[in-house]
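The next block holds one structure in the form of structure tokens; read it before the comments.
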Amino acid sequence: MSGPDHHPRRLLLDVMLGKLAVYLRICGYDAAYAGDRNIEADEAVRRVADREDRHLISRDRALIAAAADATLLSGLEISDQLAELRAAGFTLEPADPPSRCGRCNGRLRPVPSVESRPTYAPSDEAVPCWRCRRCGQYFWHGSHVDNLARTLAALEDEET
Ligand SMILES: [Zn+2]
């Protein structure tokens, strides 16, 4: 049932799970978020999951019960939600290199060192940067990745 090759890579996160969606994108998942799509009704969420062949993740028991392929979460805290996903067999570690935009779930491309960068990105060209093909946001190995790595490491401490 579990195992790194078994768990789905294409996900749909229900509303209220926006932060988890960002973390899953950092981990390399194709994680669509219902809040980004402006879908909230159970039926609409299920339809998107079916149409796009996405594994649904939600805290809504009724929604999960009626979905074909889904994981129910109970935790309110992001660390609890990550622990539940890990227990369900999801591999959780920051993707290296990063592949998904945390903001819009678009695909990232490496930024060549000769290419100019916006002022919010590290100016040191030795720091690798990636850019979202969809929304244009720049990413690098920054504090959001460190925060996630720390949260995941804390989970491991709790498990042992
Ligand atoms: Zn993007």
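Here, A, B, ... name the chains of the structure tokens in the order displayed, residue numbers run from 1 inside each chain, and ligands are numbered from 1 in the same displayed order.
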
Env. residues ligand 1 / 9 Å / only C-alpha atoms and all ligand atoms / as a VMD selection string: chain A and resid 100 to 108 131 to 138

Write out as a PyMOL selection string which residues come within 10 Å of Asp36 in chain A when counting only C-alpha atoms, dropping same-chain ones fewer than 3 positions away. chain A and resi 13-15+18+32-33+39+103-105

Excluding His144 in chain A and any residue of its chain fewer than 5 positions from it, enumerate the residues within 9 Å of it, using only C-alpha atoms, and give them as a list of chain:residue names.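 Everything that qualifies: A:Tyr23, A:Ile26, A:Ala149.
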
Report, in Å to a single decimal, how far apart CA of Arg46 in chain A and CA of Leu24 in chain A are.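 We find that CA of Leu24 in chain A and CA of Arg46 in chain A lie 19.7 Å from each other.
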
Filtered DSSP result for range 24-59 of chain A, state alpha helix (DSSP H), as a ChimeraX atom specification: /A:24-26,34-37,42-51

For range 84-92 of chain A, list every protein, DNA or RNA residue within 12 Å, evaluated using only C-alpha atoms, and leave out those in the same chain fewer than 2 positions away; present the list as JSON, numbers by chain. {"A": [1, 2, 3, 4, 5, 6, 7, 8, 9, 10, 11, 20, 23, 24, 25, 26, 27, 28, 29, 55, 57, 58, 59, 70, 71, 72, 73, 74, 75, 76, 77, 78, 79, 80, 81, 82, 94, 95, 96, 148, 149, 150, 151, 152, 153, 155, 156, 159]}

Those same residues - C-alpha atoms - I'd like them written as a tab-separated table (two decimals), in the first residue's frame.
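Result file follows (selection-v4.tsv):
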chain	number	residue	atom	x	y	z
A	1	MET	CA	0.00	0.00	0.00
A	2	SER	CA	2.69	2.51	0.90
A	3	GLY	CA	6.16	3.07	-0.54
A	4	PRO	CA	7.79	5.93	-2.36
A	5	ASP	CA	6.54	4.81	-5.79
A	6	HIS	CA	3.00	4.21	-4.72
A	7	HIS	CA	1.81	7.57	-3.52
A	8	PRO	CA	0.19	9.90	-6.05
A	9	ARG	CA	2.14	12.91	-7.35
A	10	ARG	CA	-0.90	14.76	-8.66
A	11	LEU	CA	-2.91	16.24	-5.82
A	20	LEU	CA	0.02	22.60	3.01
A	23	TYR	CA	4.75	22.89	1.23
A	24	LEU	CA	3.80	20.00	-1.05
A	25	ARG	CA	4.84	22.05	-4.09
A	26	ILE	CA	8.22	22.66	-2.44
A	27	CYS	CA	8.41	18.88	-2.05
A	28	GLY	CA	7.88	18.56	-5.81
A	29	TYR	CA	4.21	17.58	-5.87
A	55	HIS	CA	-5.67	12.59	-5.40
A	57	ILE	CA	-6.67	15.80	0.32
A	58	SER	CA	-9.21	17.37	2.65
A	59	ARG	CA	-10.27	17.79	6.27
A	70	ALA	CA	-8.55	10.68	-1.33
A	71	THR	CA	-6.81	11.17	2.01
A	72	LEU	CA	-8.59	12.57	5.06
A	73	LEU	CA	-6.60	14.82	7.39
A	74	SER	CA	-7.72	15.71	10.90
A	75	GLY	CA	-4.92	18.01	12.11
A	76	LEU	CA	-5.36	21.77	12.22
A	77	GLU	CA	-1.65	22.54	12.52
A	78	ILE	CA	0.57	22.28	9.46
A	79	SER	CA	3.02	20.04	11.36
A	80	ASP	CA	0.19	17.63	12.25
A	81	GLN	CA	-0.99	17.59	8.63
A	82	LEU	CA	2.52	16.81	7.39
A	94	PRO	CA	12.18	19.59	-0.25
A	95	ALA	CA	12.73	18.73	-3.92
A	96	ASP	CA	16.29	19.33	-5.09
A	148	LEU	CA	9.84	23.24	5.88
A	149	ALA	CA	13.02	21.21	6.41
A	150	ARG	CA	12.99	22.20	10.09
A	151	THR	CA	9.33	21.26	10.48
A	152	LEU	CA	9.97	17.88	8.86
A	153	ALA	CA	13.05	17.25	11.01
A	155	LEU	CA	8.47	15.39	13.05
A	156	GLU	CA	11.23	12.82	12.81
A	159	GLU	CA	8.60	9.73	15.79

Considering only C-alpha atoms, return as a compact mmCIF listing (two decimals) with C-alpha atoms, in the first residue's frame whatever protein or nucleic-acid residues lie within 7 Å of Trp140 in chain A, sequence-local ones (same chain, fewer than 6 positions apart) excluded.
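Produced file part_19.txt, reproduced below:
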# COMPACT_ATOMS: atom_id res chain seq x y z
CA PRO A 128 21.06 29.08 -8.02
CA CYS A 129 17.67 30.54 -8.91
CA TRP A 130 14.62 29.13 -10.61
